[in-house]
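Peer 1: First the structure, which I've put down as structure tokens, then a few questions once you've had a look.
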Amino acid sequence: MCAVGTPGNTAEVTGIGGKRHSRADTVVLVIAHKGFWTYVLGAIWDPEGGLFVVHFSPHILYPFFLFFTLSEIIRQLIKIRHGYSRQGHHLQRYYYLYYVSAVAYEANKPLVIEDVEVAPPQAGEVRVQILFTALCHTDAYTWSGKDPEGLFPCILGHEAAGIVESVGEGVTEVKPGDHVIPCYQAECKECKFCKSGKTNLCGKIRGATGVGVMMNDRKSRFSVKGTPIYHFMGTSTFSQYTVVHDVSVAKIDPQAPLEKVCLLGCGVPTGLGAVWNTAKVEAGSNVAIFGLGTVGLAVSGRGCKSSWCCTNNRIDIDTRKFDRAKEFGVTEFVNPKDHEKPIQQVLVDMTDGGVDYSFECIGNVSIMRAALECCHKGWGTSVIVGVAASGQEIATRPFQLVTGRVWKGTAFGGFKSRTQVPQLVDKYMKKVNQTPTPNPK
Ligand SMILES: NC(=O)C1=CN([C@@H]2O[C@H](COP(=O)(O)OP(=O)(O)OC[C@H]3O[C@@H](n4cnc5c(N)ncnc54)[C@H](O)[C@@H]3O)[C@@H](O)[C@H]2O)C=CC1
Ligand SMILES: N[C@@H](CCC(=O)N[C@@H](CSC=O)C(=O)NCC(=O)O)C(=O)O
């Protein structure tokens, strides 16, 4: 029976096997017994400092068993002489970890699953074991090569949840073992943006995350055989381990299911916040939603009387998405290919002069225009959520604005990440706990 060592546990080490890894360190396998259980731990052998235990996740352990022969284990035992276990968390942060990540070497080329060296967190940094990561369209956007900030090779991913593995000097708000959601939109609580109360954008680390490095030394914490791999959005969650700035992690309720709340790292808060914080939609409003991905679905049904989903003939109508959207409260569907008039005119005609609010959740500038122009004269507000490709620009007749329509945009739904992501998790947990469990009969 094998189990992964629980952080903080000590156990008697009864076997050690080793394998030299790509750099100076030797990664060793520690087999330890505690009561009934046999634990298998990863460890780093440092010739000067001794053996320090790190915790491997089960899926990486099993292949390890295949690599370690009995003779290797004995050799390592002789070499090490004094096998011992240690509660290594206070030491862990000095060690490199070798873990599997999906590396985007080039735009539009398949991601490559690689053994990536993940450097220890420096001051103000946190190394996180990513347990669940989702895919947001923005990952695909950068991967496509259309993002002016896109750098290769990089590790994409920014919608995830995990557990803090180690922290660098001066990190006080999280500790190893804490459950966290990495936040691509940081919140330092000190910069002029954070203090303004008018925005959720934070200025502290944006200059570094935009160029794929950490702020301390303007370098990456990821490398493959010595070649640096850029960070992405300050999160890089397509990796078993990542290093983020401490201002980019939200500590959450440890009871929350990480496989679900990882979506609170981007898409869901973006849609909810676009409605609640950016547009401030009143109940009973007419709303048009362009695009029914995670973001569009999160926009839908949030206190709106009716919602309109638009899709054009470039995209086949995905009926699964329509069915899903109905569950989220969308009541009407419009397909531009069924109409000869521009979609904005169709919507204006259908809604007695236009919708109260519209949300562009695609990233297409001509649809952004349609989304503005389908709004009601005098008060209609359109929120741009979608991210458009490099070189793309929005256009409309200024008269559209002169006559009272408002064009807005939102980043992460206007939520202040470290403060409000834990609140969203709590809200979710409250709802889950209030939902009666179905009777098994
Ligand atoms: N502003 C922000 O903070 C954030 C922005 N985004 C952006 O929001 C957009 C949506 O993201 P996701 O929901 O993850 O994307 P997604 O790919 O899951 O969904 C996009 C939806 O738009 C539909 N679509 C595409 N082209 C269309 C067209 N021409 N007409 C009608 N429908 C069309 C697709 O069928 C799909 O259902 C992306 O541009 C993404 O980069 C995402 C997260 C945060
Ligand atoms: N690098 C991109 C910018 C993309 C962008 O606008 N990102 C959004 C979040 S999208 C999440 O999935 C955002 O929050 N922007 C604010 C920011 O500071 O980046 C480009 O240049 O197009």
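Ligands are numbered from 1 in the order shown, chains are lettered A, B, ... in the order of the structure tokens, and residues start at 1 in each chain.
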Ligand 2: which residues are within 6 Å, counting only C-alpha atoms and all ligand atoms, as a ChimeraX atom specification?
Peer 2: /A:138,147-149,387,411-412
Peer 1: Taking only C-alpha atoms and all ligand atoms and a cut-off of 9 Å, can you tell me which residues surround ligand 1, written as an MDAnalysis selection string?
Peer 2: chainID A and resid 135:142 185 266:271 274 290:298 309:318 321 335:336 360:364 366:367 384:389 409:414
Peer 1: Go ahead and save the picked residues with C-alpha atoms, as an mmCIF file, in the first residue's frame.
Peer 2:
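New file part34.cif:
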data_model
loop_
_atom_site.group_PDB
_atom_site.id
_atom_site.type_symbol
_atom_site.label_atom_id
_atom_site.label_comp_id
_atom_site.auth_asym_id
_atom_site.auth_seq_id
_atom_site.Cartn_x
_atom_site.Cartn_y
_atom_site.Cartn_z
ATOM 1 C CA LEU A 135 -8.450 26.104 -20.182
ATOM 2 C CA CYS A 136 -9.548 29.668 -20.886
ATOM 3 C CA HIS A 137 -9.814 31.114 -24.348
ATOM 4 C CA THR A 138 -7.039 33.549 -23.445
ATOM 5 C CA ASP A 139 -4.602 30.617 -23.194
ATOM 6 C CA ALA A 140 -5.595 29.644 -26.729
ATOM 7 C CA TYR A 141 -5.312 33.263 -27.824
ATOM 8 C CA THR A 142 -1.728 33.615 -26.637
ATOM 9 C CA GLN A 185 -4.781 39.796 -11.797
ATOM 10 C CA CYS A 266 -10.760 33.385 -14.329
ATOM 11 C CA GLY A 267 -13.841 32.632 -16.438
ATOM 12 C CA VAL A 268 -16.598 32.550 -13.840
ATOM 13 C CA PRO A 269 -15.598 35.684 -11.874
ATOM 14 C CA THR A 270 -15.028 37.493 -15.149
ATOM 15 C CA GLY A 271 -18.601 36.865 -16.286
ATOM 16 C CA ALA A 274 -18.902 41.968 -15.677
ATOM 17 C CA PHE A 290 -22.358 37.486 -27.532
ATOM 18 C CA GLY A 291 -20.488 34.196 -27.101
ATOM 19 C CA LEU A 292 -21.445 31.323 -24.839
ATOM 20 C CA GLY A 293 -18.181 29.983 -23.537
ATOM 21 C CA THR A 294 -17.419 29.940 -19.824
ATOM 22 C CA VAL A 295 -17.386 33.721 -19.666
ATOM 23 C CA GLY A 296 -20.643 34.178 -21.591
ATOM 24 C CA LEU A 297 -22.388 31.494 -19.548
ATOM 25 C CA ALA A 298 -21.246 33.149 -16.338
ATOM 26 C CA CYS A 309 -27.270 34.885 -27.376
ATOM 27 C CA CYS A 310 -25.900 35.775 -30.747
ATOM 28 C CA THR A 311 -23.771 33.711 -32.962
ATOM 29 C CA ASN A 312 -22.863 34.357 -36.558
ATOM 30 C CA ASN A 313 -22.443 32.043 -39.461
ATOM 31 C CA ARG A 314 -18.700 31.769 -38.987
ATOM 32 C CA ILE A 315 -19.424 29.635 -35.972
ATOM 33 C CA ASP A 316 -21.854 26.778 -36.259
ATOM 34 C CA ILE A 317 -24.491 26.907 -33.615
ATOM 35 C CA ASP A 318 -23.353 24.477 -31.008
ATOM 36 C CA LYS A 321 -24.023 25.275 -25.735
ATOM 37 C CA ASN A 335 -28.615 33.414 -35.105
ATOM 38 C CA PRO A 336 -27.413 36.208 -37.431
ATOM 39 C CA GLU A 360 -19.051 40.777 -25.875
ATOM 40 C CA CYS A 361 -17.503 37.497 -24.711
ATOM 41 C CA ILE A 362 -15.761 36.418 -27.906
ATOM 42 C CA GLY A 363 -12.866 38.758 -28.695
ATOM 43 C CA ASN A 364 -14.079 39.827 -32.149
ATOM 44 C CA SER A 366 -16.841 43.591 -35.383
ATOM 45 C CA ILE A 367 -19.003 41.845 -32.814
ATOM 46 C CA ILE A 384 -16.154 44.390 -23.753
ATOM 47 C CA VAL A 385 -14.934 41.225 -22.090
ATOM 48 C CA GLY A 386 -13.367 39.407 -25.042
ATOM 49 C CA VAL A 387 -9.695 39.868 -25.821
ATOM 50 C CA ALA A 388 -9.036 40.859 -29.433
ATOM 51 C CA ALA A 389 -5.917 40.014 -31.379
ATOM 52 C CA GLY A 409 -14.414 47.023 -20.584
ATOM 53 C CA THR A 410 -13.639 44.650 -17.770
ATOM 54 C CA ALA A 411 -10.620 42.698 -16.541
ATOM 55 C CA PHE A 412 -11.369 39.778 -14.220
ATOM 56 C CA GLY A 413 -14.855 41.187 -13.799
ATOM 57 C CA GLY A 414 -13.544 44.041 -11.704
#
Peer 1: Could you list, as a list in words, every residue within 12 Å of Lys198 (chain A), counting only C-alpha atoms and ignoring same-chain residues fewer than 3 positions away?
Peer 2: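 Contacts, in chain order: Lys192, Phe193, Cys194, Lys195, Leu201, Cys202, Asn277, Thr278, Gly414, Phe415 and Lys416 of chain A.
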Peer 1: Could you pull out the helix (DSSP H, G or I) residues of region 250-280 of chain A, going by DSSP on the backbone, and write them as a PyMOL selection string?
Peer 2: chain A and resi 258-265+267-279
Peer 1: So that each row is one residue of region 126-172 of chain A with an atom at most 8 Å from region 230-254 of chain A, can you give its shortest atom pair and the distance in Å to one decimal, using only C-alpha atoms, rows by chain and rising number, as JSON lines?
Peer 2:
{"residue": "A:Val126", "atom": "CA", "partner": "A:Val244", "partner_atom": "CA", "distance": 5.4}
{"residue": "A:Arg127", "atom": "CA", "partner": "A:Val243", "partner_atom": "CA", "distance": 4.3}
{"residue": "A:Val128", "atom": "CA", "partner": "A:Thr242", "partner_atom": "CA", "distance": 5.4}
{"residue": "A:Gln129", "atom": "CA", "partner": "A:Tyr241", "partner_atom": "CA", "distance": 4.5}
{"residue": "A:Ile130", "atom": "CA", "partner": "A:Gln240", "partner_atom": "CA", "distance": 5.1}
{"residue": "A:Leu131", "atom": "CA", "partner": "A:Gln240", "partner_atom": "CA", "distance": 7.0}
{"residue": "A:Thr133", "atom": "CA", "partner": "A:Thr237", "partner_atom": "CA", "distance": 6.3}
{"residue": "A:Leu151", "atom": "CA", "partner": "A:Tyr230", "partner_atom": "CA", "distance": 6.8}
{"residue": "A:Phe152", "atom": "CA", "partner": "A:Tyr230", "partner_atom": "CA", "distance": 6.7}
{"residue": "A:Pro153", "atom": "CA", "partner": "A:Tyr230", "partner_atom": "CA", "distance": 6.0}
{"residue": "A:Cys154", "atom": "CA", "partner": "A:Tyr230", "partner_atom": "CA", "distance": 4.3}
{"residue": "A:Ile155", "atom": "CA", "partner": "A:Ser236", "partner_atom": "CA", "distance": 5.1}
{"residue": "A:Leu156", "atom": "CA", "partner": "A:Ser236", "partner_atom": "CA", "distance": 4.9}
{"residue": "A:Gly157", "atom": "CA", "partner": "A:Thr237", "partner_atom": "CA", "distance": 4.4}
{"residue": "A:His158", "atom": "CA", "partner": "A:Thr235", "partner_atom": "CA", "distance": 5.3}
{"residue": "A:Glu159", "atom": "CA", "partner": "A:Thr237", "partner_atom": "CA", "distance": 7.1}
{"residue": "A:Ala160", "atom": "CA", "partner": "A:Thr237", "partner_atom": "CA", "distance": 6.3}
{"residue": "A:Val171", "atom": "CA", "partner": "A:Asp246", "partner_atom": "CA", "distance": 6.7}
Peer 1: Atoms to include: all heavy atoms. Write the selected residues as a compact mmCIF listing (two decimals), in the first residue's frame.
Peer 2:
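Writing the result to out_28.txt gives the following:
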# COMPACT_ATOMS: atom_id res chain seq x y z
N VAL A 126 5.90 32.38 -4.14
CA VAL A 126 5.24 31.20 -3.59
C VAL A 126 5.30 30.08 -4.64
O VAL A 126 4.99 30.32 -5.80
CB VAL A 126 3.74 31.52 -3.30
CG1 VAL A 126 3.02 30.31 -2.73
CG2 VAL A 126 3.62 32.71 -2.34
N ARG A 127 5.74 28.89 -4.20
CA ARG A 127 5.71 27.76 -5.14
C ARG A 127 4.46 26.94 -4.84
O ARG A 127 4.21 26.56 -3.69
CB ARG A 127 6.97 26.92 -5.02
CG ARG A 127 7.14 25.92 -6.14
CD ARG A 127 8.57 25.46 -6.34
NE ARG A 127 9.21 24.91 -5.17
CZ ARG A 127 10.47 24.48 -5.13
NH1 ARG A 127 11.22 24.55 -6.23
NH2 ARG A 127 10.99 24.00 -4.02
N VAL A 128 3.68 26.71 -5.88
CA VAL A 128 2.37 26.08 -5.71
C VAL A 128 2.30 24.77 -6.49
O VAL A 128 2.72 24.71 -7.65
CB VAL A 128 1.24 27.02 -6.23
CG1 VAL A 128 -0.13 26.38 -6.08
CG2 VAL A 128 1.28 28.36 -5.52
N GLN A 129 1.78 23.75 -5.82
CA GLN A 129 1.49 22.50 -6.53
C GLN A 129 0.11 22.66 -7.17
O GLN A 129 -0.89 22.85 -6.45
CB GLN A 129 1.48 21.32 -5.56
CG GLN A 129 1.22 20.01 -6.27
CD GLN A 129 1.10 18.83 -5.32
OE1 GLN A 129 0.94 19.00 -4.12
NE2 GLN A 129 1.19 17.64 -5.87
N ILE A 130 0.07 22.64 -8.47
CA ILE A 130 -1.20 22.82 -9.17
C ILE A 130 -1.91 21.46 -9.24
O ILE A 130 -1.35 20.49 -9.78
CB ILE A 130 -0.98 23.38 -10.59
CG1 ILE A 130 -0.33 24.77 -10.52
CG2 ILE A 130 -2.29 23.42 -11.38
CD1 ILE A 130 -1.15 25.86 -9.87
N LEU A 131 -3.10 21.40 -8.72
CA LEU A 131 -3.84 20.13 -8.75
C LEU A 131 -4.89 20.10 -9.85
O LEU A 131 -5.19 19.05 -10.39
CB LEU A 131 -4.48 19.85 -7.39
CG LEU A 131 -3.46 19.64 -6.27
CD1 LEU A 131 -4.14 19.43 -4.94
CD2 LEU A 131 -2.56 18.46 -6.57
N THR A 133 -6.28 22.48 -13.33
CA THR A 133 -6.21 23.69 -14.16
C THR A 133 -7.20 23.55 -15.29
O THR A 133 -7.39 22.46 -15.84
CB THR A 133 -4.78 23.95 -14.67
OG1 THR A 133 -4.76 25.20 -15.37
CG2 THR A 133 -4.27 22.87 -15.59
N LEU A 151 4.98 35.31 -25.43
CA LEU A 151 6.42 35.00 -25.53
C LEU A 151 6.57 33.48 -25.55
O LEU A 151 5.86 32.77 -24.84
CB LEU A 151 7.16 35.54 -24.30
CG LEU A 151 7.22 37.06 -24.17
CD1 LEU A 151 7.59 37.46 -22.75
CD2 LEU A 151 8.21 37.62 -25.17
N PHE A 152 7.52 33.01 -26.31
CA PHE A 152 7.76 31.57 -26.41
C PHE A 152 9.25 31.29 -26.23
O PHE A 152 10.05 32.13 -26.66
CB PHE A 152 7.28 31.04 -27.77
CG PHE A 152 5.80 31.24 -27.97
CD1 PHE A 152 5.31 32.39 -28.58
CD2 PHE A 152 4.90 30.28 -27.52
CE1 PHE A 152 3.94 32.58 -28.75
CE2 PHE A 152 3.52 30.47 -27.69
CZ PHE A 152 3.05 31.62 -28.31
N PRO A 153 9.62 30.18 -25.60
CA PRO A 153 8.75 29.15 -25.03
C PRO A 153 8.15 29.61 -23.71
O PRO A 153 8.81 30.33 -22.95
CB PRO A 153 9.69 27.97 -24.81
CG PRO A 153 11.04 28.60 -24.60
CD PRO A 153 11.06 29.85 -25.42
N CYS A 154 6.93 29.18 -23.47
CA CYS A 154 6.29 29.55 -22.20
C CYS A 154 5.44 28.42 -21.68
O CYS A 154 5.18 27.45 -22.40
CB CYS A 154 5.44 30.81 -22.39
SG CYS A 154 3.91 30.50 -23.29
N ILE A 155 5.03 28.57 -20.43
CA ILE A 155 4.06 27.63 -19.86
C ILE A 155 2.77 28.41 -19.67
O ILE A 155 2.72 29.36 -18.88
CB ILE A 155 4.56 27.04 -18.53
CG1 ILE A 155 5.84 26.23 -18.78
CG2 ILE A 155 3.48 26.17 -17.89
CD1 ILE A 155 6.52 25.72 -17.52
N LEU A 156 1.75 28.05 -20.45
CA LEU A 156 0.47 28.75 -20.40
C LEU A 156 -0.34 28.32 -19.17
O LEU A 156 0.13 27.53 -18.36
CB LEU A 156 -0.31 28.46 -21.70
CG LEU A 156 0.36 28.96 -22.98
CD1 LEU A 156 -0.28 28.32 -24.21
CD2 LEU A 156 0.27 30.49 -23.08
N GLY A 157 -1.56 28.81 -19.10
CA GLY A 157 -2.47 28.39 -18.02
C GLY A 157 -2.61 29.43 -16.93
O GLY A 157 -1.61 29.95 -16.44
N HIS A 158 -3.87 29.76 -16.61
CA HIS A 158 -4.08 30.76 -15.55
C HIS A 158 -5.37 30.56 -14.78
O HIS A 158 -5.77 31.41 -14.01
CB HIS A 158 -4.04 32.17 -16.18
CG HIS A 158 -5.16 32.43 -17.14
ND1 HIS A 158 -5.17 31.94 -18.42
CD2 HIS A 158 -6.32 33.11 -16.99
CE1 HIS A 158 -6.28 32.32 -19.03
NE2 HIS A 158 -7.00 33.03 -18.18
N GLU A 159 -6.06 29.42 -14.99
CA GLU A 159 -7.34 29.20 -14.31
C GLU A 159 -7.20 27.90 -13.54
O GLU A 159 -7.37 26.83 -14.10
CB GLU A 159 -8.43 29.10 -15.38
CG GLU A 159 -9.84 29.15 -14.86
CD GLU A 159 -10.85 29.22 -16.01
OE1 GLU A 159 -11.21 28.16 -16.54
OE2 GLU A 159 -11.26 30.33 -16.37
N ALA A 160 -6.82 27.99 -12.27
CA ALA A 160 -6.37 26.77 -11.59
C ALA A 160 -6.55 26.86 -10.08
O ALA A 160 -6.92 27.90 -9.53
CB ALA A 160 -4.89 26.56 -11.91
N VAL A 171 7.21 36.03 2.94
CA VAL A 171 5.82 35.72 2.59
C VAL A 171 5.07 35.40 3.87
O VAL A 171 5.46 34.48 4.61
CB VAL A 171 5.74 34.54 1.60
CG1 VAL A 171 4.30 34.13 1.36
CG2 VAL A 171 6.44 34.90 0.31
Peer 1: Looking at A:Gly378, A:Glu327, A:His339, A:Val211, which one is nearest to Gly150 (chain A), with distances taken over only C-alpha atoms?
Peer 2: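 Looking only at the distances to Gly150 (chain A), the closest residue turns out to be A:Val211.
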